[in-house]
Amino acid sequence: MLFEQVATGGCQSYLVGCRETCAAAVIDAEASQVDRYLALAARDGLRIRYVIDTHTHADHFSASGQLARQAQAPVVMHRASTAPMVDMHVDDGDMVVVGKLRLQVLHTPGHTRDSMCLVVEDRVFTGDTLLIGGTGRTDLPTGDSGALYDSLWGKLLKLDPALLVYPAHDYHGRGHSTLGEELASNPRLQVKDRAEFIATMRNLNLGMPQHITEALRTNLSGGKTVAQMLAEAAAMVPFMSLAQLKERIEKGDPDLVVLDVRERDAYQGGHIPGAQLLPRGQLELRVNQDLPDPTRRIVTCCEFGRISTLAAATLRQMGFQRAVALDGGMQSWREMGYPTKAGAEP
Ligand SMILES: [Fe+2]
């Protein structure tokens with residue numbers, strides 16, 4: 001078995017491949033690592049056949065939809081998952097066949113209703129059901145600490161104690177452990193019965209994870225994250241440097257239109273001299289009257305350089321083929337000590 005563990009902060013994801021047949025699966029793909037999974041697979045001559053999520057993540061962004069599209073492979077999740085991008089729902093006892101590898105599905109609800117573990121050869125991918133020295137939390141949507149107790153003691157911990165544990169999270173750089181080690185030393189597993197476990201989980205009082213709303217929205221719906229939309233926009237527009245823009249303004253480039261896409265108040269508080277105001281929210285509605293010449297070189301700017309990227313991408317889609325975004329925003333422009341002008345333009 002070819003095996004790669006890819007860590008992103010505390011998130012752990014995995015590529016497993018069959019040496020003989022060159023088939024592979026990615027488990028719990030993370031949004032910033034899509035190119036890495038594809039590159040690792042290519043390096044080892046593997047074709048990604050399945051993209052598997054062990055559960056609906058609430059605390060980070062799944063890349064499964066995106067990776068699956070690029071690898072032309074189906075997304076696999078437990079049948080309790082409601083995410084629309086799932087192509088293949090699996091159930092307890094099913095096997096996902098990856099070449100000669102057999103990934104055995106164990107439905108282990110508790111952290112979420114759709115949580116599952118995957119056993120393959122000498123190891124088990126435990127998702128957030130069992131972590132090294134911990135368990136997944138049960139206070140997020142569809143979590144249930146009684147169900148987690150049943151999944152752990154009724155299923156997962158009954159397996160061979162020598163099985164290697166590869167979780168979906170590990171914040172201490174330990175990478176893996178074994179079921180036996182967890183049984184012996186994982187503090188959450190040192191309880192005498194179900195009631196004590198439920199009480200322990202109830203008393204954890206964990207803070208809400210960062211990005212929970214956006215993570216649930218995108219992971220449940222297959223929608224895009226804000227970072228993804230920005231990256232997609234940035235990939236289709238060229239940029240102009242702050243220094244280049246300043247030079248062109250000083251030279252009086254007649255071809256140039258600086259388009260400030262912030263709101264009026266921000267614009268009047270200080271803008272690039274000569275910049276035209278067209279707030280992002282009104283772009284599509286006012287573009288025909290405000291930007292009559294689609295052949296001009298338009299440079300969009302905003303406060304931090306993000307909305308201007310979206311605006312430039314929109315302009316390009318509408319036929320302004322020379323639209324570019326300023327590489328940086330007004331904040332950087334001011335920090336450089338470049339000139340600004342307050343109030344309205346004549
Ligand atoms: Fe999770």
# chains A, B, ... in the order shown; residues from 1 in each chain; ligands from 1

call {"tool": "residues_around", "arguments": {"residues": "A:Ala63", "least_positions_apart": "3", "cutoff": "6 Å", "atoms": "only C-alpha atoms", "output": "list of chain:residue names"}}
result
A:Ala29, A:Glu30, A:Ala31, A:Gln66, A:Leu67

call {"tool": "residues_near_ligand", "arguments": {"ligand": "ligand 1", "cutoff": "7 Å", "atoms": "only C-alpha atoms and all ligand atoms", "output": "list in words"}}
result
His55, Thr56, His57, Ala58, Asp59, His111, Asp128 and Gly136 of chain A

call {"tool": "closest_residue", "arguments": {"among": "A:Ala68, A:Leu183, A:Met77, A:Met85", "to": "A:Thr135", "atoms": "only C-alpha atoms"}}
result
A:Leu183

call {"tool": "select_by_dssp", "arguments": {"residues": "stretch 11-187 of chain A", "states": "alpha helix (DSSP H)", "output": "PyMOL selection string"}}
result
chain A and resi 34-43+64-71+145-154+179-185

call {"tool": "write_last_selection", "arguments": {"atoms": "N, CA, C and O atoms", "output": "compact mmCIF listing (two decimals), in the first residue's frame"}}
result
# COMPACT_ATOMS: atom_id res chain seq x y z
N VAL A 34 -5.45 20.68 -2.66
CA VAL A 34 -5.92 19.96 -3.85
C VAL A 34 -4.77 19.67 -4.83
O VAL A 34 -4.61 18.55 -5.30
N ASP A 35 -3.96 20.69 -5.10
CA ASP A 35 -2.84 20.47 -6.03
C ASP A 35 -1.86 19.44 -5.48
O ASP A 35 -1.27 18.67 -6.23
N ARG A 36 -1.68 19.43 -4.15
CA ARG A 36 -0.74 18.47 -3.54
C ARG A 36 -1.21 17.02 -3.73
O ARG A 36 -0.43 16.15 -4.08
N TYR A 37 -2.52 16.77 -3.50
CA TYR A 37 -3.01 15.39 -3.69
C TYR A 37 -2.79 14.93 -5.13
O TYR A 37 -2.36 13.82 -5.39
N LEU A 38 -3.11 15.84 -6.05
CA LEU A 38 -2.97 15.49 -7.46
C LEU A 38 -1.50 15.25 -7.80
O LEU A 38 -1.15 14.32 -8.53
N ALA A 39 -0.62 16.08 -7.22
CA ALA A 39 0.81 15.95 -7.51
C ALA A 39 1.37 14.67 -6.89
O ALA A 39 2.17 13.96 -7.51
N LEU A 40 0.96 14.36 -5.65
CA LEU A 40 1.44 13.13 -4.99
C LEU A 40 1.00 11.90 -5.79
O LEU A 40 1.77 10.97 -5.99
N ALA A 41 -0.25 11.94 -6.25
CA ALA A 41 -0.76 10.81 -7.03
C ALA A 41 0.03 10.68 -8.33
O ALA A 41 0.45 9.58 -8.71
N ALA A 42 0.27 11.82 -8.98
CA ALA A 42 1.00 11.79 -10.25
C ALA A 42 2.43 11.29 -10.03
O ALA A 42 2.95 10.50 -10.82
N ARG A 43 3.05 11.74 -8.96
CA ARG A 43 4.44 11.35 -8.68
C ARG A 43 4.57 9.83 -8.55
O ARG A 43 5.53 9.22 -9.01
N SER A 64 -13.44 17.97 -1.13
CA SER A 64 -13.83 16.77 -1.85
C SER A 64 -14.51 17.06 -3.18
O SER A 64 -14.20 16.44 -4.19
N GLY A 65 -15.45 18.03 -3.18
CA GLY A 65 -16.15 18.34 -4.42
C GLY A 65 -15.17 18.79 -5.50
O GLY A 65 -15.19 18.31 -6.63
N GLN A 66 -14.29 19.70 -5.10
CA GLN A 66 -13.31 20.27 -6.03
C GLN A 66 -12.31 19.21 -6.52
O GLN A 66 -12.05 19.09 -7.71
N LEU A 67 -11.79 18.44 -5.58
CA LEU A 67 -10.81 17.40 -5.96
C LEU A 67 -11.47 16.35 -6.85
O LEU A 67 -10.88 15.89 -7.84
N ALA A 68 -12.71 15.99 -6.50
CA ALA A 68 -13.42 14.98 -7.28
C ALA A 68 -13.63 15.43 -8.72
O ALA A 68 -13.47 14.66 -9.65
N ARG A 69 -13.96 16.71 -8.87
CA ARG A 69 -14.14 17.25 -10.23
C ARG A 69 -12.83 17.15 -11.01
O ARG A 69 -12.79 16.70 -12.15
N GLN A 70 -11.74 17.57 -10.35
CA GLN A 70 -10.46 17.60 -11.06
C GLN A 70 -9.95 16.20 -11.35
O GLN A 70 -9.31 15.96 -12.37
N ALA A 71 -10.18 15.27 -10.42
CA ALA A 71 -9.68 13.91 -10.61
C ALA A 71 -10.69 13.05 -11.37
O ALA A 71 -10.42 11.90 -11.70
N SER A 145 -23.38 12.36 22.13
CA SER A 145 -22.32 11.70 22.91
C SER A 145 -22.68 10.25 23.26
O SER A 145 -21.80 9.39 23.32
N GLY A 146 -23.98 9.96 23.43
CA GLY A 146 -24.38 8.56 23.68
C GLY A 146 -24.06 7.68 22.47
O GLY A 146 -23.54 6.57 22.60
N ALA A 147 -24.36 8.23 21.28
CA ALA A 147 -24.06 7.48 20.05
C ALA A 147 -22.55 7.30 19.89
O ALA A 147 -22.09 6.24 19.45
N LEU A 148 -21.77 8.30 20.30
CA LEU A 148 -20.31 8.17 20.18
C LEU A 148 -19.79 7.07 21.10
O LEU A 148 -18.94 6.27 20.72
N TYR A 149 -20.36 7.00 22.31
CA TYR A 149 -19.97 5.93 23.23
C TYR A 149 -20.25 4.56 22.60
O TYR A 149 -19.40 3.67 22.60
N ASP A 150 -21.45 4.43 22.02
CA ASP A 150 -21.82 3.15 21.40
C ASP A 150 -20.91 2.82 20.22
O ASP A 150 -20.53 1.66 20.03
N SER A 151 -20.57 3.84 19.44
CA SER A 151 -19.69 3.60 18.28
C SER A 151 -18.30 3.17 18.73
O SER A 151 -17.69 2.28 18.14
N LEU A 152 -17.80 3.83 19.80
CA LEU A 152 -16.45 3.50 20.27
C LEU A 152 -16.42 2.12 20.90
O LEU A 152 -15.70 1.23 20.45
N TRP A 153 -17.21 1.94 21.95
CA TRP A 153 -17.12 0.67 22.69
C TRP A 153 -17.82 -0.49 21.98
O TRP A 153 -17.44 -1.63 22.12
N GLY A 154 -18.85 -0.14 21.19
CA GLY A 154 -19.58 -1.20 20.50
C GLY A 154 -18.93 -1.65 19.20
O GLY A 154 -19.19 -2.74 18.72
N LEU A 179 -4.94 1.51 18.38
CA LEU A 179 -6.15 1.37 19.20
C LEU A 179 -5.79 0.98 20.62
O LEU A 179 -6.36 1.48 21.58
N GLY A 180 -4.80 0.08 20.77
CA GLY A 180 -4.38 -0.37 22.10
C GLY A 180 -3.85 0.77 22.95
O GLY A 180 -4.20 0.91 24.12
N GLU A 181 -3.00 1.60 22.34
CA GLU A 181 -2.45 2.75 23.07
C GLU A 181 -3.55 3.70 23.49
O GLU A 181 -3.53 4.25 24.60
N GLU A 182 -4.53 3.91 22.61
CA GLU A 182 -5.62 4.81 22.95
C GLU A 182 -6.47 4.23 24.08
O GLU A 182 -6.83 4.95 25.02
N LEU A 183 -6.74 2.94 24.01
CA LEU A 183 -7.51 2.30 25.08
C LEU A 183 -6.81 2.46 26.43
O LEU A 183 -7.43 2.69 27.46
N ALA A 184 -5.48 2.37 26.40
CA ALA A 184 -4.71 2.42 27.65
C ALA A 184 -4.55 3.84 28.18
O ALA A 184 -4.57 4.05 29.40
N SER A 185 -4.41 4.83 27.26
CA SER A 185 -3.98 6.14 27.78
C SER A 185 -4.85 7.32 27.34
O SER A 185 -4.66 8.43 27.85

call {"tool": "closest_residue", "arguments": {"among": "A:Ile27, A:Met95, A:Phe125, A:Thr309", "to": "A:Val75", "atoms": "only C-alpha atoms"}}
result
A:Ile27

call {"tool": "atom_distance", "arguments": {"atom1": "atom CA of A:Asp91", "atom2": "atom CA of A:Met116"}}
result
8.9 Å

call {"tool": "residues_around", "arguments": {"residues": "A:Val105", "least_positions_apart": "3", "cutoff": "10 Å", "atoms": "only C-alpha atoms", "output": "ChimeraX atom specification"}}
result
/A:54,77-78,90-96,102,108,116-120,124-125

call {"tool": "write_last_selection", "arguments": {"atoms": "N, CA, C and O atoms", "output": "mmCIF file, in the first residue's frame"}}
result
data_model
loop_
_atom_site.group_PDB
_atom_site.id
_atom_site.type_symbol
_atom_site.label_atom_id
_atom_site.label_comp_id
_atom_site.auth_asym_id
_atom_site.auth_seq_id
_atom_site.Cartn_x
_atom_site.Cartn_y
_atom_site.Cartn_z
ATOM 1 N N THR A 54 -14.780 11.316 5.793
ATOM 2 C CA THR A 54 -15.240 10.467 6.892
ATOM 3 C C THR A 54 -16.494 11.026 7.562
ATOM 4 O O THR A 54 -17.188 10.310 8.269
ATOM 5 N N MET A 77 -19.374 9.277 0.755
ATOM 6 C CA MET A 77 -19.660 9.563 2.168
ATOM 7 C C MET A 77 -20.677 8.559 2.678
ATOM 8 O O MET A 77 -21.296 7.820 1.908
ATOM 9 N N HIS A 78 -20.867 8.579 3.996
ATOM 10 C CA HIS A 78 -21.865 7.687 4.583
ATOM 11 C C HIS A 78 -23.261 8.085 4.112
ATOM 12 O O HIS A 78 -23.514 9.256 3.797
ATOM 13 N N VAL A 90 -22.286 5.195 1.170
ATOM 14 C CA VAL A 90 -21.942 3.856 1.644
ATOM 15 C C VAL A 90 -22.551 3.630 3.018
ATOM 16 O O VAL A 90 -22.933 4.568 3.710
ATOM 17 N N ASP A 91 -22.612 2.377 3.401
ATOM 18 C CA ASP A 91 -23.258 2.016 4.665
ATOM 19 C C ASP A 91 -22.318 1.116 5.462
ATOM 20 O O ASP A 91 -21.353 0.561 4.913
ATOM 21 N N ASP A 92 -22.630 0.943 6.714
ATOM 22 C CA ASP A 92 -21.847 0.080 7.589
ATOM 23 C C ASP A 92 -21.653 -1.299 6.957
ATOM 24 O O ASP A 92 -22.620 -1.904 6.489
ATOM 25 N N GLY A 93 -20.425 -1.759 6.922
ATOM 26 C CA GLY A 93 -20.160 -3.084 6.373
ATOM 27 C C GLY A 93 -19.806 -3.081 4.896
ATOM 28 O O GLY A 93 -19.323 -4.083 4.373
ATOM 29 N N ASP A 94 -20.055 -1.941 4.212
ATOM 30 C CA ASP A 94 -19.687 -1.858 2.787
ATOM 31 C C ASP A 94 -18.162 -1.819 2.658
ATOM 32 O O ASP A 94 -17.455 -1.466 3.599
ATOM 33 N N MET A 95 -17.702 -2.137 1.460
ATOM 34 C CA MET A 95 -16.276 -2.014 1.166
ATOM 35 C C MET A 95 -16.094 -1.106 -0.023
ATOM 36 O O MET A 95 -16.800 -1.230 -1.016
ATOM 37 N N VAL A 96 -15.153 -0.174 0.083
ATOM 38 C CA VAL A 96 -14.770 0.625 -1.073
ATOM 39 C C VAL A 96 -13.529 -0.049 -1.641
ATOM 40 O O VAL A 96 -12.525 -0.211 -0.935
ATOM 41 N N ARG A 102 -8.937 -2.956 0.127
ATOM 42 C CA ARG A 102 -10.330 -3.002 0.542
ATOM 43 C C ARG A 102 -10.509 -2.063 1.721
ATOM 44 O O ARG A 102 -9.937 -2.285 2.783
ATOM 45 N N THR A 108 -19.840 5.007 12.435
ATOM 46 C CA THR A 108 -19.564 5.334 13.841
ATOM 47 C C THR A 108 -20.148 6.703 14.183
ATOM 48 O O THR A 108 -19.419 7.663 14.401
ATOM 49 N N MET A 116 -17.938 8.035 9.813
ATOM 50 C CA MET A 116 -17.550 6.643 9.603
ATOM 51 C C MET A 116 -16.043 6.495 9.761
ATOM 52 O O MET A 116 -15.286 7.449 9.658
ATOM 53 N N CYS A 117 -15.615 5.274 10.055
ATOM 54 C CA CYS A 117 -14.200 4.933 10.093
ATOM 55 C C CYS A 117 -13.944 3.982 8.927
ATOM 56 O O CYS A 117 -14.854 3.292 8.459
ATOM 57 N N LEU A 118 -12.709 3.965 8.459
ATOM 58 C CA LEU A 118 -12.349 3.098 7.335
ATOM 59 C C LEU A 118 -11.163 2.236 7.726
ATOM 60 O O LEU A 118 -10.116 2.749 8.109
ATOM 61 N N VAL A 119 -11.360 0.935 7.670
ATOM 62 C CA VAL A 119 -10.274 0.013 8.011
ATOM 63 C C VAL A 119 -9.647 -0.506 6.728
ATOM 64 O O VAL A 119 -10.360 -0.969 5.825
ATOM 65 N N VAL A 120 -8.331 -0.403 6.631
ATOM 66 C CA VAL A 120 -7.633 -0.987 5.489
ATOM 67 C C VAL A 120 -6.302 -1.575 5.969
ATOM 68 O O VAL A 120 -5.512 -0.905 6.617
ATOM 69 N N VAL A 124 -6.579 2.036 10.633
ATOM 70 C CA VAL A 124 -7.964 2.509 10.580
ATOM 71 C C VAL A 124 -7.957 4.040 10.540
ATOM 72 O O VAL A 124 -7.277 4.687 11.337
ATOM 73 N N PHE A 125 -8.679 4.568 9.570
ATOM 74 C CA PHE A 125 -8.860 6.014 9.475
ATOM 75 C C PHE A 125 -10.078 6.345 10.323
ATOM 76 O O PHE A 125 -11.195 5.926 9.995
#

call {"tool": "closest_residue", "arguments": {"among": "A:Leu131, A:Leu189, A:Leu46, A:Ala344", "to": "A:Gln268", "atoms": "only C-alpha atoms"}}
result
A:Ala344

call {"tool": "residues_around", "arguments": {"residues": "stretch 279-284 of chain A", "least_positions_apart": "3", "cutoff": "6 Å", "atoms": "only C-alpha atoms", "output": "PyMOL selection string"}}
result
chain A and resi 261-263+287

call {"tool": "write_last_selection", "arguments": {"atoms": "N, CA, C and O atoms", "output": "PDB file, in the first residue's frame"}}
result
ATOM      1  N   VAL A 261     -13.807  50.743  -6.275  1.00  0.00           N
ATOM      2  CA  VAL A 261     -15.063  50.000  -6.115  1.00  0.00           C
ATOM      3  C   VAL A 261     -15.549  49.963  -4.661  1.00  0.00           C
ATOM      4  O   VAL A 261     -16.411  49.172  -4.305  1.00  0.00           O
ATOM      5  N   ARG A 262     -14.973  50.833  -3.805  1.00  0.00           N
ATOM      6  CA  ARG A 262     -15.444  50.892  -2.416  1.00  0.00           C
ATOM      7  C   ARG A 262     -16.754  51.690  -2.353  1.00  0.00           C
ATOM      8  O   ARG A 262     -17.225  52.216  -3.354  1.00  0.00           O
ATOM      9  N   GLU A 263     -17.307  51.843  -1.151  1.00  0.00           N
ATOM     10  CA  GLU A 263     -18.507  52.659  -0.987  1.00  0.00           C
ATOM     11  C   GLU A 263     -18.110  54.138  -1.024  1.00  0.00           C
ATOM     12  O   GLU A 263     -16.955  54.497  -0.831  1.00  0.00           O
ATOM     13  N   VAL A 287     -22.481  49.809 -15.066  1.00  0.00           N
ATOM     14  CA  VAL A 287     -21.294  49.686 -15.915  1.00  0.00           C
ATOM     15  C   VAL A 287     -21.500  50.321 -17.297  1.00  0.00           C
ATOM     16  O   VAL A 287     -20.609  50.980 -17.830  1.00  0.00           O
TER      17      VAL A 287
END

call {"tool": "residues_around", "arguments": {"residues": "A:Thr142", "least_positions_apart": "6", "cutoff": "10 Å", "atoms": "only C-alpha atoms", "output": "number ranges by chain"}}
result
A: 56, 109-115

call {"tool": "write_last_selection", "arguments": {"atoms": "N, CA and C atoms", "output": "mmCIF file, in the first residue's frame"}}
result
data_model
loop_
_atom_site.group_PDB
_atom_site.id
_atom_site.type_symbol
_atom_site.label_atom_id
_atom_site.label_comp_id
_atom_site.auth_asym_id
_atom_site.auth_seq_id
_atom_site.Cartn_x
_atom_site.Cartn_y
_atom_site.Cartn_z
ATOM 1 N N THR A 56 -19.224 15.015 7.698
ATOM 2 C CA THR A 56 -19.403 16.419 7.341
ATOM 3 C C THR A 56 -18.612 17.268 8.316
ATOM 4 N N PRO A 109 -21.488 6.828 14.222
ATOM 5 C CA PRO A 109 -22.093 8.126 14.543
ATOM 6 C C PRO A 109 -21.714 8.578 15.948
ATOM 7 N N GLY A 110 -21.815 9.876 16.190
ATOM 8 C CA GLY A 110 -21.484 10.412 17.505
ATOM 9 C C GLY A 110 -20.935 11.823 17.352
ATOM 10 N N HIS A 111 -19.772 11.943 16.712
ATOM 11 C CA HIS A 111 -19.244 13.281 16.415
ATOM 12 C C HIS A 111 -20.212 13.975 15.454
ATOM 13 N N THR A 112 -20.617 13.238 14.419
ATOM 14 C CA THR A 112 -21.745 13.635 13.565
ATOM 15 C C THR A 112 -22.515 12.358 13.262
ATOM 16 N N ARG A 113 -23.725 12.538 12.744
ATOM 17 C CA ARG A 113 -24.544 11.375 12.426
ATOM 18 C C ARG A 113 -23.942 10.587 11.260
ATOM 19 N N ASP A 114 -23.216 11.296 10.380
ATOM 20 C CA ASP A 114 -22.696 10.625 9.179
ATOM 21 C C ASP A 114 -21.237 10.194 9.331
ATOM 22 N N SER A 115 -20.735 10.126 10.570
ATOM 23 C CA SER A 115 -19.327 9.759 10.768
ATOM 24 C C SER A 115 -19.083 8.293 10.451
#

call {"tool": "decode", "arguments": {"residues": "stretch 171-210 of chain A", "atoms": "C-alpha atoms", "output": "mmCIF file, in the first residue's frame"}}
result
data_model
loop_
_atom_site.group_PDB
_atom_site.id
_atom_site.type_symbol
_atom_site.label_atom_id
_atom_site.label_comp_id
_atom_site.auth_asym_id
_atom_site.auth_seq_id
_atom_site.Cartn_x
_atom_site.Cartn_y
_atom_site.Cartn_z
ATOM 1 C CA TYR A 171 -2.815 19.173 16.936
ATOM 2 C CA HIS A 172 0.333 17.809 18.520
ATOM 3 C CA GLY A 173 2.218 16.453 15.528
ATOM 4 C CA ARG A 174 1.964 12.821 16.620
ATOM 5 C CA GLY A 175 0.638 11.522 13.305
ATOM 6 C CA HIS A 176 -0.717 8.199 14.500
ATOM 7 C CA SER A 177 -1.071 5.787 17.413
ATOM 8 C CA THR A 178 -2.761 2.407 17.867
ATOM 9 C CA LEU A 179 -6.151 1.366 19.196
ATOM 10 C CA GLY A 180 -4.385 -0.370 22.095
ATOM 11 C CA GLU A 181 -2.449 2.751 23.068
ATOM 12 C CA GLU A 182 -5.625 4.813 22.948
ATOM 13 C CA LEU A 183 -7.509 2.297 25.084
ATOM 14 C CA ALA A 184 -4.714 2.418 27.650
ATOM 15 C CA SER A 185 -3.984 6.140 27.779
ATOM 16 C CA ASN A 186 -6.598 8.269 25.976
ATOM 17 C CA PRO A 187 -8.155 10.288 28.846
ATOM 18 C CA ARG A 188 -11.629 10.294 27.251
ATOM 19 C CA LEU A 189 -11.663 6.508 27.187
ATOM 20 C CA GLN A 190 -10.909 6.130 30.895
ATOM 21 C CA VAL A 191 -14.581 6.194 31.933
ATOM 22 C CA LYS A 192 -16.472 3.481 33.760
ATOM 23 C CA ASP A 193 -19.701 3.599 31.757
ATOM 24 C CA ARG A 194 -21.857 5.313 29.154
ATOM 25 C CA ALA A 195 -23.330 7.810 31.625
ATOM 26 C CA GLU A 196 -19.903 8.974 32.756
ATOM 27 C CA PHE A 197 -18.780 9.383 29.139
ATOM 28 C CA ILE A 198 -21.873 11.466 28.303
ATOM 29 C CA ALA A 199 -21.296 13.630 31.386
ATOM 30 C CA THR A 200 -17.618 14.118 30.464
ATOM 31 C CA MET A 201 -18.528 15.200 26.949
ATOM 32 C CA ARG A 202 -21.227 17.556 28.241
ATOM 33 C CA ASN A 203 -18.764 19.244 30.582
ATOM 34 C CA LEU A 204 -16.114 19.996 27.964
ATOM 35 C CA ASN A 205 -17.470 23.493 27.247
ATOM 36 C CA LEU A 206 -15.575 23.891 24.010
ATOM 37 C CA GLY A 207 -15.552 27.153 22.106
ATOM 38 C CA MET A 208 -17.147 27.294 18.680
ATOM 39 C CA PRO A 209 -14.673 26.453 15.940
ATOM 40 C CA GLN A 210 -13.592 29.223 13.618
#
